[in-house]
Amino acid sequence: MFAIHLMAFYFSKLKEDQIKKVDRFLYHMRLSDETLLDIMARFQAEMQKGLGKDTNPTASVKMLPTFVRAIPDGSENGEFLSLDLGGSKFRVLKVQVSEEGKRNVQMESQFYPTPNEIIRGNGSELFDYIADCLADFMKTRGLKHKKFPLGLTFSFPCRQTKLEEGILLSWTKKFKARGVQDTDVVSCLTKAVKKHKDIDVDILTLVNDTVGTMMTCAYDDPYCEVGVIIGTGTNACYMEDMSNIDLVEGDEGRMCINTEWGAFGDDGTLEDIRTEFDRELDLGSLNPGKQLFEKMISGLYLGELVRIILLKMAKAGLLFGGKKSSALHTKGKIETRHVAAMEKYKEGLANTREILTDLGLEPSEADCIAVQHVCTIVSFRSANLCAAALAAILTRLRENKKLERLRTTVGMDGTLYKIHPQYPKRLHKVVRRLVPNCDVRFLLSESGSTKGAAMVTAVASRVQAQRKQIDKVLALFQLTREQLMDVQGKMRREFEYGLKRDTHLMATVKMLPTYVCGMPDGTEKGKFLALDLGGTNFRVLLVKIRSGRRSVRMYNKIFAIPLEIMQGTGEELFDHIVQCIADFLDYMGLKGVQLPLGFTFSFPCRQTSIDKVKMETIGIPSDRHKLVMTEPGKIVLAVCLGFLKLLGTGSNMCYMEEMRNIELVEGDEGKMCINTEWGGFGDNGCIDDIRTQYDEKVDEGSLNPGKQRYEKMTSGMYLGEIVRQILIDLTKQGLLFRGQISERLRTRGIFETKFLSQIESDRLALLQVRSILQQLGLDSTCEDSIVVKEVCGAVSRRAAQLYGAGLAAVVEKKREDQGLEYLKITVGVDGTLYKLHPHFSRILQETVKELAPRCDVTLMLSEDGSGKGAALITAVAKRLQQAQKEN
């Protein structure tokens with residue numbers, strides 16, 4: 001018993017001594033967490049540098065855009081071919097993807113060798129060989145004379161300008177085919193395939209093997225947005241926000257970035273952690289000074305790194321009694337598979353003895369323990385370095401999403417990760433230690449990157465088909481110049497009909513005279529009351545006007561109008577208004593004071609004078625307004641009909657018309673303001689050619705079907721509802737929200753027009769768009785958010801253009817009426833849509849300029865709304881009235 005304990009003590013002491021000896025020799029290869037966090041920060045800086053247009057040329061981490069913009073959503077289906085070039089073997093794969101209610105993939109594949117004379121020979125011979133292998137695969141499986149989409153997995157750094165094109169930057173690993181660098185590898189392959197007349201393939205995608213890994217895993221786990229390969233070489237990719245990628249046009253959505261992290265440190269960034277062993281290995285490689293990070297990590301180099309260390313320790317007399325063998329001096333004699341075998345939990349020491357013996361060495365027990373520990377340090381450093389770079393990527397993902405905690409999946413592949421018994425566990429543990437605020441699942445790619453290339457091709461096919469359907473819907477809202485000119489011409493004709501006595505009753509644009517016959521000239525002064533009725537609230541204002549300096553000061557109070565009064569009798573409505581006026585006068589200390597009063601009444605009315613109005617449209621007795629005249633004060637103006645009230649909840653427009661053109665009113669001298677009531681334009685069917693099925697649905701569900709058609713295509717009350725109808729249709733077609741229509745999306749009015757303004761904001765990231773949609777009960781992907789933003793843009797752009805066509809009709813009419821070659825005019829504009837939408841005013845201005853090129857139109861925002869306008873018109877009326885008395 002004592003002998004056993006003595007032996008155990010001796011062995012543990014021996015093991016402890018050998019481990020300490022190796023630790024001292026390889027001190028610089030042991031990396032602390034502090035060092036790893038520092039490496040992580042360096043890698044983050046290199047990522048940022050690689051993404052920048054100006055800094056990318058000098059960045060060692062190239063951050064190459066892959067033009068893969070979407071991950072699988074489970075709806076992919078079809079048959080695809082896939083090729084995989086990059087390792088010791090070349091693989092051809094046929095993948096059949098079927099939805100069938102669940103994700104289902106069937107694969108057939110075949111490996112072909114990659115002889116040295118091919119991969120280091122002439123480039124054209126390499127691609128001819130690939131085409132020959134593809135032809136053989138298709139022939140043996142009876143696939144010739146059938147067209148297939150094809151994806152190419154190409155595991156070398158390429159600069160892509162689109163998904164199906166890639167310029168080879170440099171060969172890595174053992175490949176050195178001549179004449180391929182700086183050329184498009186897809187073109188090279190296409191040229192070779194065309195030599196086989198019985199093959200019909202459409203190369204849709206060029207994919208890095210790391211991207212293929214991510215896409216393979218993303219098909220099984222939608223949370224997968226990172227791919228990592230730790231095999232012969234090493235690399236990583238991840239989904240980056242387009243707004244951060246300077247190298248590619250556009251800010252919408254995300255794109256997979258191939259980091260090419262193997263070159264990290266090529267600019268000297270990692271010199272402080274590289275050792276003499278790393279430098280010796282690099283000097284003996286095919287590409288000295290290149291892929292320095294990869295040479296510290298990947299399977300192609302770990303075995304060689306161990307060999308160099310063992311040789312140096314033997315020379316120093318620390319191993320094998322100072323004896324060396326010719327095999328130990330031979331490059332490549334220790335492979336990474338040997339390192340993995342030596343680190344196995346139980347058989348490790350026995351495997352070590354066997355491997356060392358095969359190298360012509362006579363290892364002692366102590367030598368075997370030391371060599372095993374050398375392998376542990378080398379492979380552990382590899383896992384640590386990978387973990388630091390991966391932690392940097394995960395941190396970037398979390399920060400891009402503005403999350404306190406990130407949940408994500410990392411797709412993993414590569415022989416080192418798969419065959420090394422300790423590697424995955426070490427990597428996972430260090431990653432979680434470096435980024436404790438990330439919940440990371442590591443998913444092994446069971447089918448390799450070749451399946452991933454097929455999945456990218458399947459996604460590309462799906463996106464291509466979906467894009468056509470979405471574009472077909474959006475095209476309905478894209479108006480040509482000819483269509484806008486047609487709207488302009490029809491609007492102009494409706495103006496003429498509305499102004500003439502014989503055609504007025506048939507006109508959809510009613511052109512109502514307002515009896516406002518003058519504009520402010522700056523001499524107006526005094527105190528005036530103004531009332532503003534048109535929305536859910538009623539506003540009473542006191543407006544003080546000082547002449548000379550055109551100074552206006554306003555005081556106002558807002559009163560709510562209960563729903564029962566809005567939908568009750570006219571008498572109840574006006575009794576409520578009068579009570580609000582009385583409360584305001586009392587509040588302002590003006591009870592009993594006689595003041596002129598103007599009334600903004602935002603509904604269609606037929607006026608007979610400036611202070612008399614027939615309110616037929618809402619059923620109010622025509623004499624009811626006398627109560628307003630007698631109780632709060634003297635009214636000079638009864639109704640100001642939406643003075644340039646445009647582009648808000650509703651839509652309308654007024655302008656100063658020549659009296660000679662207004663057949664509805666006596667007199668030919670001067671001008672009068674005409675309230676067009678253009679919201680009814682098109683009620684006679686004249687614009688049905690540009691109305692869509694979505695406009696018709698909105699109209700059918702409105703309170704006044706068949707009426708106000710122009711307004712229903714343009715105003716803030718309806719644009720959100722048009723968008724909602726489009727989203728429902730796209731969802732039914734399976735193009736949005738995974739085909740699931742939420743109950744909230746079915747609810748009329750849920751998509752308010754304010755959401756269009758928010759979603760279309762240039763400053764709003766897609767994550768914020770998703771947040772808005774989630775508030776509406778819509779669980780959207782990044783791709784869904786892009787489509788929703790496009791739909792909002794199409795609907796609001798059409799509205800702005802239609803407004804522009806109407807406004808162009810007005811200004812052109814004024815120019816012609818005045819007999820001018822060129823008209824300079826200012827248009828006052830009010831309304832929430834115009835004020836709040838980020839692009840509306842610009843599109844409106846551009847449309848008017850295009851349709852009325854001989855009119856210089858300035859749009860001026862009305863800062864104080866129509867209430868102030870009512871007071872100003874009252875002041876003008878009082879001035880004109882006073883002048884008339886004096887005359």
# chains A, B, ... in the order shown; residues from 1 in each chain; ligands from 1
call {"tool": "select_by_dssp", "arguments": {"residues": "stretch 14-207 of chain A", "states": "strand (DSSP E)", "output": "number ranges by chain"}}
result
A: 64-65, 78-85, 89-98, 104-113, 147-154, 158-162, 165-168, 200-207
call {"tool": "write_last_selection", "arguments": {"atoms": "C-alpha atoms", "output": "PDB file, in the first residue's frame"}}
result
ATOM      1  CA  LEU A  64     -15.291  42.110 -46.748  1.00  0.00           C
ATOM      2  CA  PRO A  65     -18.967  42.655 -47.669  1.00  0.00           C
ATOM      3  CA  GLY A  78     -36.149  23.900 -54.600  1.00  0.00           C
ATOM      4  CA  GLU A  79     -33.110  21.969 -55.851  1.00  0.00           C
ATOM      5  CA  PHE A  80     -29.655  23.542 -55.778  1.00  0.00           C
ATOM      6  CA  LEU A  81     -26.091  22.556 -56.608  1.00  0.00           C
ATOM      7  CA  SER A  82     -23.161  23.575 -54.455  1.00  0.00           C
ATOM      8  CA  LEU A  83     -19.378  23.436 -54.907  1.00  0.00           C
ATOM      9  CA  ASP A  84     -16.822  23.696 -52.121  1.00  0.00           C
ATOM     10  CA  LEU A  85     -13.204  24.615 -52.877  1.00  0.00           C
ATOM     11  CA  LYS A  89     -10.659  17.936 -51.027  1.00  0.00           C
ATOM     12  CA  PHE A  90     -13.133  19.428 -53.453  1.00  0.00           C
ATOM     13  CA  ARG A  91     -16.826  18.666 -52.891  1.00  0.00           C
ATOM     14  CA  VAL A  92     -19.886  18.732 -55.143  1.00  0.00           C
ATOM     15  CA  LEU A  93     -23.291  18.696 -53.477  1.00  0.00           C
ATOM     16  CA  LYS A  94     -26.929  18.548 -54.567  1.00  0.00           C
ATOM     17  CA  VAL A  95     -29.313  19.981 -51.993  1.00  0.00           C
ATOM     18  CA  GLN A  96     -33.079  19.665 -52.086  1.00  0.00           C
ATOM     19  CA  VAL A  97     -34.872  22.090 -49.777  1.00  0.00           C
ATOM     20  CA  SER A  98     -38.581  21.689 -49.142  1.00  0.00           C
ATOM     21  CA  ASN A 104     -36.384  19.769 -44.541  1.00  0.00           C
ATOM     22  CA  VAL A 105     -33.095  19.285 -46.413  1.00  0.00           C
ATOM     23  CA  GLN A 106     -31.930  16.272 -48.407  1.00  0.00           C
ATOM     24  CA  MET A 107     -28.364  16.089 -49.708  1.00  0.00           C
ATOM     25  CA  GLU A 108     -26.223  14.030 -52.059  1.00  0.00           C
ATOM     26  CA  SER A 109     -22.517  14.750 -52.298  1.00  0.00           C
ATOM     27  CA  GLN A 110     -19.228  13.503 -53.642  1.00  0.00           C
ATOM     28  CA  PHE A 111     -15.630  14.391 -52.798  1.00  0.00           C
ATOM     29  CA  TYR A 112     -12.919  14.801 -55.402  1.00  0.00           C
ATOM     30  CA  PRO A 113      -9.178  15.084 -54.691  1.00  0.00           C
ATOM     31  CA  LYS A 147     -31.162  23.798 -65.174  1.00  0.00           C
ATOM     32  CA  PHE A 148     -29.907  24.291 -61.603  1.00  0.00           C
ATOM     33  CA  PRO A 149     -29.102  27.357 -59.488  1.00  0.00           C
ATOM     34  CA  LEU A 150     -25.543  26.899 -58.158  1.00  0.00           C
ATOM     35  CA  GLY A 151     -23.639  28.279 -55.189  1.00  0.00           C
ATOM     36  CA  LEU A 152     -19.842  28.273 -54.963  1.00  0.00           C
ATOM     37  CA  THR A 153     -18.114  28.045 -51.592  1.00  0.00           C
ATOM     38  CA  PHE A 154     -14.710  29.625 -52.148  1.00  0.00           C
ATOM     39  CA  CYS A 158     -12.353  37.864 -52.212  1.00  0.00           C
ATOM     40  CA  ARG A 159     -13.605  41.399 -52.719  1.00  0.00           C
ATOM     41  CA  GLN A 160     -17.236  41.189 -53.782  1.00  0.00           C
ATOM     42  CA  THR A 161     -19.296  43.849 -55.526  1.00  0.00           C
ATOM     43  CA  LYS A 162     -22.354  41.631 -55.734  1.00  0.00           C
ATOM     44  CA  GLU A 165     -19.040  38.081 -58.241  1.00  0.00           C
ATOM     45  CA  GLY A 166     -15.746  38.013 -56.318  1.00  0.00           C
ATOM     46  CA  ILE A 167     -12.228  39.232 -57.063  1.00  0.00           C
ATOM     47  CA  LEU A 168      -9.582  36.990 -55.490  1.00  0.00           C
ATOM     48  CA  ASP A 200     -26.959  24.195 -67.537  1.00  0.00           C
ATOM     49  CA  VAL A 201     -26.237  25.967 -64.276  1.00  0.00           C
ATOM     50  CA  ASP A 202     -26.860  29.527 -63.108  1.00  0.00           C
ATOM     51  CA  ILE A 203     -24.160  30.611 -60.643  1.00  0.00           C
ATOM     52  CA  LEU A 204     -26.157  32.810 -58.259  1.00  0.00           C
ATOM     53  CA  THR A 205     -23.820  33.060 -55.291  1.00  0.00           C
ATOM     54  CA  LEU A 206     -20.164  33.156 -54.310  1.00  0.00           C
ATOM     55  CA  VAL A 207     -19.812  32.319 -50.632  1.00  0.00           C
TER      56      VAL A 207
END
call {"tool": "residues_around", "arguments": {"residues": "A:Leu541", "least_positions_apart": "2", "cutoff": "6 Å", "atoms": "only C-alpha atoms", "output": "PyMOL selection string"}}
result
chain A and resi 529-530+555-556
call {"tool": "atom_distance", "arguments": {"atom1": "atom CA of A:Arg178", "atom2": "atom CA of A:Arg120"}}
result
7.1 Å
call {"tool": "closest_residue", "arguments": {"among": "A:Asp282, A:Glu816, A:Asp184, A:Asp486", "to": "A:Glu304", "atoms": "only C-alpha atoms"}}
result
A:Asp282
call {"tool": "residues_around", "arguments": {"residues": "A:Thr692", "least_positions_apart": "6", "cutoff": "12 Å", "atoms": "only C-alpha atoms", "output": "list in words"}}
result
Val473, Leu474, Ala475, Leu476, Phe477, Gln478, Leu479, Val698, Asp699, Arg709, Lys712, Met713, Ile722, Val723, Gln725, Ile726, Val795 and Arg798 of chain A
call {"tool": "residues_around", "arguments": {"residues": "stretch 305-311 of chain A", "least_positions_apart": "5", "cutoff": "8 Å", "atoms": "only C-alpha atoms", "output": "CSV table (one decimal) with N, CA and C atoms, in the first residue's frame"}}
result
chain,number,residue,atom,x,y,z
A,277,PHE,N,8.8,31.2,-31.6
A,277,PHE,CA,8.3,30.0,-32.3
A,277,PHE,C,7.4,30.5,-33.4
A,278,ASP,N,6.5,31.5,-33.2
A,278,ASP,CA,5.6,32.0,-34.2
A,278,ASP,C,6.4,32.6,-35.4
A,280,GLU,N,9.5,31.8,-36.3
A,280,GLU,CA,10.2,30.8,-37.0
A,280,GLU,C,9.2,30.1,-38.0
A,281,LEU,N,8.0,29.8,-37.5
A,281,LEU,CA,7.0,29.1,-38.3
A,281,LEU,C,6.6,30.0,-39.5
A,319,LEU,N,14.3,18.2,-23.0
A,319,LEU,CA,13.5,17.1,-23.4
A,319,LEU,C,14.4,16.0,-24.1
A,324,LYS,N,17.9,14.5,-30.4
A,324,LYS,CA,16.9,14.8,-31.5
A,324,LYS,C,16.9,13.8,-32.6
A,328,LEU,N,12.1,14.8,-36.1
A,328,LEU,CA,11.8,16.1,-35.4
A,328,LEU,C,12.3,17.3,-36.1
A,329,HIS,N,13.4,17.1,-36.9
A,329,HIS,CA,13.9,18.2,-37.7
A,329,HIS,C,13.1,18.5,-39.0
A,331,LYS,N,10.0,19.4,-41.3
A,331,LYS,CA,8.8,20.2,-41.3
A,331,LYS,C,7.6,19.4,-41.6
A,333,LYS,N,6.1,17.0,-39.8
A,333,LYS,CA,6.1,15.7,-39.3
A,333,LYS,C,5.1,15.6,-38.1
A,334,ILE,N,4.8,16.7,-37.4
A,334,ILE,CA,3.8,16.7,-36.4
A,334,ILE,C,2.6,17.4,-36.9
A,339,VAL,N,-1.6,16.5,-32.3
A,339,VAL,CA,-1.8,17.3,-31.1
A,339,VAL,C,-3.1,16.9,-30.4
A,371,VAL,N,5.6,17.0,-23.1
A,371,VAL,CA,5.1,17.2,-24.5
A,371,VAL,C,3.6,17.4,-24.5
A,374,VAL,N,3.0,20.8,-23.5
A,374,VAL,CA,3.3,21.8,-24.6
A,374,VAL,C,2.0,21.9,-25.6
A,375,CYS,N,1.5,20.7,-25.9
A,375,CYS,CA,0.3,20.7,-26.8
A,375,CYS,C,-0.9,21.4,-26.2
A,378,VAL,N,-0.2,25.2,-26.4
A,378,VAL,CA,-0.4,25.7,-27.8
A,378,VAL,C,-1.9,25.8,-28.2
call {"tool": "select_by_dssp", "arguments": {"residues": "stretch 710-779 of chain A", "states": "helix (DSSP H, G or I)", "output": "count of residues only"}}
result
42
call {"tool": "residues_around", "arguments": {"residues": "A:Arg539", "least_positions_apart": "2", "cutoff": "8 Å", "atoms": "only C-alpha atoms", "output": "list of chain:residue names"}}
result
A:Leu531, A:Asp532, A:Leu533, A:Asn537, A:Leu541, A:Asn556, A:Lys557, A:Ile558, A:Phe559, A:Gly867
call {"tool": "closest_residue", "arguments": {"among": "A:Gly650, A:Tyr515, A:Glu812, A:Pro72", "to": "A:Ile674", "atoms": "only C-alpha atoms"}}
result
A:Tyr515
call {"tool": "residues_around", "arguments": {"residues": "A:Tyr301", "least_positions_apart": "6", "cutoff": "9 Å", "atoms": "only C-alpha atoms", "output": "list in words"}}
result
Thr232, Gly233, Leu281, Glu294, Lys295, Gly332, Glu335 and Thr336 of chain A
call {"tool": "closest_residue", "arguments": {"among": "A:Lys527, A:Lys707, A:His576, A:Lys451", "to": "A:Val509", "atoms": "only C-alpha atoms"}}
result
A:Lys707
call {"tool": "residues_around", "arguments": {"residues": "A:Asp266", "least_positions_apart": "2", "cutoff": "7 Å", "atoms": "only C-alpha atoms", "output": "list of chain:residue names"}}
result
A:Ser60, A:Ala263, A:Phe264, A:Gly268, A:Gly289, A:Lys290, A:Gln291, A:Leu292
call {"tool": "decode", "arguments": {"residues": "stretch 53-64 of chain A", "atoms": "all heavy atoms", "output": "compact mmCIF listing (two decimals), in the first residue's frame"}}
result
# COMPACT_ATOMS: atom_id res chain seq x y z
N LYS A 53 -14.47 53.33 -45.35
CA LYS A 53 -14.04 53.45 -46.75
C LYS A 53 -12.61 53.99 -46.85
O LYS A 53 -11.80 53.51 -47.65
CB LYS A 53 -15.00 54.39 -47.48
CG LYS A 53 -14.94 54.30 -48.99
CD LYS A 53 -16.10 55.08 -49.61
CE LYS A 53 -16.18 54.82 -51.09
NZ LYS A 53 -17.35 55.49 -51.70
N ASP A 54 -12.30 54.98 -46.03
CA ASP A 54 -10.98 55.62 -46.09
C ASP A 54 -9.90 54.79 -45.41
O ASP A 54 -8.74 54.83 -45.79
CB ASP A 54 -11.03 57.01 -45.45
CG ASP A 54 -11.97 57.95 -46.21
OD1 ASP A 54 -12.14 57.73 -47.43
OD2 ASP A 54 -12.52 58.87 -45.59
N THR A 55 -10.30 54.02 -44.37
CA THR A 55 -9.31 53.28 -43.58
C THR A 55 -9.15 51.83 -44.01
O THR A 55 -8.19 51.17 -43.62
CB THR A 55 -9.70 53.33 -42.09
OG1 THR A 55 -11.08 52.94 -41.95
CG2 THR A 55 -9.53 54.73 -41.52
N ASN A 56 -10.10 51.31 -44.82
CA ASN A 56 -10.04 49.91 -45.21
C ASN A 56 -8.74 49.51 -45.93
O ASN A 56 -8.19 48.43 -45.66
CB ASN A 56 -11.25 49.55 -46.09
CG ASN A 56 -11.19 48.13 -46.60
OD1 ASN A 56 -10.65 47.87 -47.67
ND2 ASN A 56 -11.74 47.22 -45.83
N PRO A 57 -8.22 50.36 -46.84
CA PRO A 57 -7.00 49.95 -47.55
C PRO A 57 -5.83 49.61 -46.65
O PRO A 57 -5.00 48.76 -46.99
CB PRO A 57 -6.68 51.17 -48.43
CG PRO A 57 -8.00 51.83 -48.65
CD PRO A 57 -8.75 51.65 -47.36
N THR A 58 -5.74 50.24 -45.47
CA THR A 58 -4.62 49.97 -44.56
C THR A 58 -5.00 49.02 -43.44
O THR A 58 -4.17 48.72 -42.57
CB THR A 58 -4.10 51.28 -43.96
OG1 THR A 58 -5.17 51.94 -43.27
CG2 THR A 58 -3.55 52.20 -45.05
N ALA A 59 -6.24 48.54 -43.42
CA ALA A 59 -6.68 47.64 -42.35
C ALA A 59 -6.19 46.22 -42.62
O ALA A 59 -6.22 45.74 -43.75
CB ALA A 59 -8.20 47.66 -42.25
N SER A 60 -5.75 45.54 -41.58
CA SER A 60 -5.33 44.14 -41.74
C SER A 60 -6.54 43.21 -41.73
O SER A 60 -6.54 42.17 -42.39
CB SER A 60 -4.35 43.76 -40.62
OG SER A 60 -4.97 43.88 -39.36
N VAL A 61 -7.58 43.59 -41.00
CA VAL A 61 -8.83 42.82 -40.98
C VAL A 61 -9.75 43.46 -42.03
O VAL A 61 -10.30 44.53 -41.80
CB VAL A 61 -9.48 42.85 -39.59
CG1 VAL A 61 -10.79 42.07 -39.58
CG2 VAL A 61 -8.52 42.26 -38.55
N LYS A 62 -9.91 42.82 -43.17
CA LYS A 62 -10.48 43.48 -44.35
C LYS A 62 -12.00 43.68 -44.30
O LYS A 62 -12.54 44.46 -45.07
CB LYS A 62 -10.11 42.71 -45.61
CG LYS A 62 -8.65 42.91 -46.03
CD LYS A 62 -8.35 44.40 -46.26
CE LYS A 62 -6.91 44.64 -46.65
NZ LYS A 62 -6.60 46.08 -46.72
N MET A 63 -12.72 42.94 -43.46
CA MET A 63 -14.16 43.14 -43.28
C MET A 63 -14.88 43.21 -44.63
O MET A 63 -15.49 44.20 -45.00
CB MET A 63 -14.42 44.43 -42.47
CG MET A 63 -13.72 44.46 -41.14
SD MET A 63 -14.31 43.20 -39.99
CE MET A 63 -15.85 43.91 -39.48
N LEU A 64 -14.79 42.13 -45.38
CA LEU A 64 -15.29 42.11 -46.75
C LEU A 64 -16.81 41.93 -46.81
O LEU A 64 -17.34 40.96 -46.27
CB LEU A 64 -14.62 40.98 -47.52
CG LEU A 64 -13.09 41.01 -47.56
CD1 LEU A 64 -12.55 39.74 -48.23
CD2 LEU A 64 -12.59 42.25 -48.29
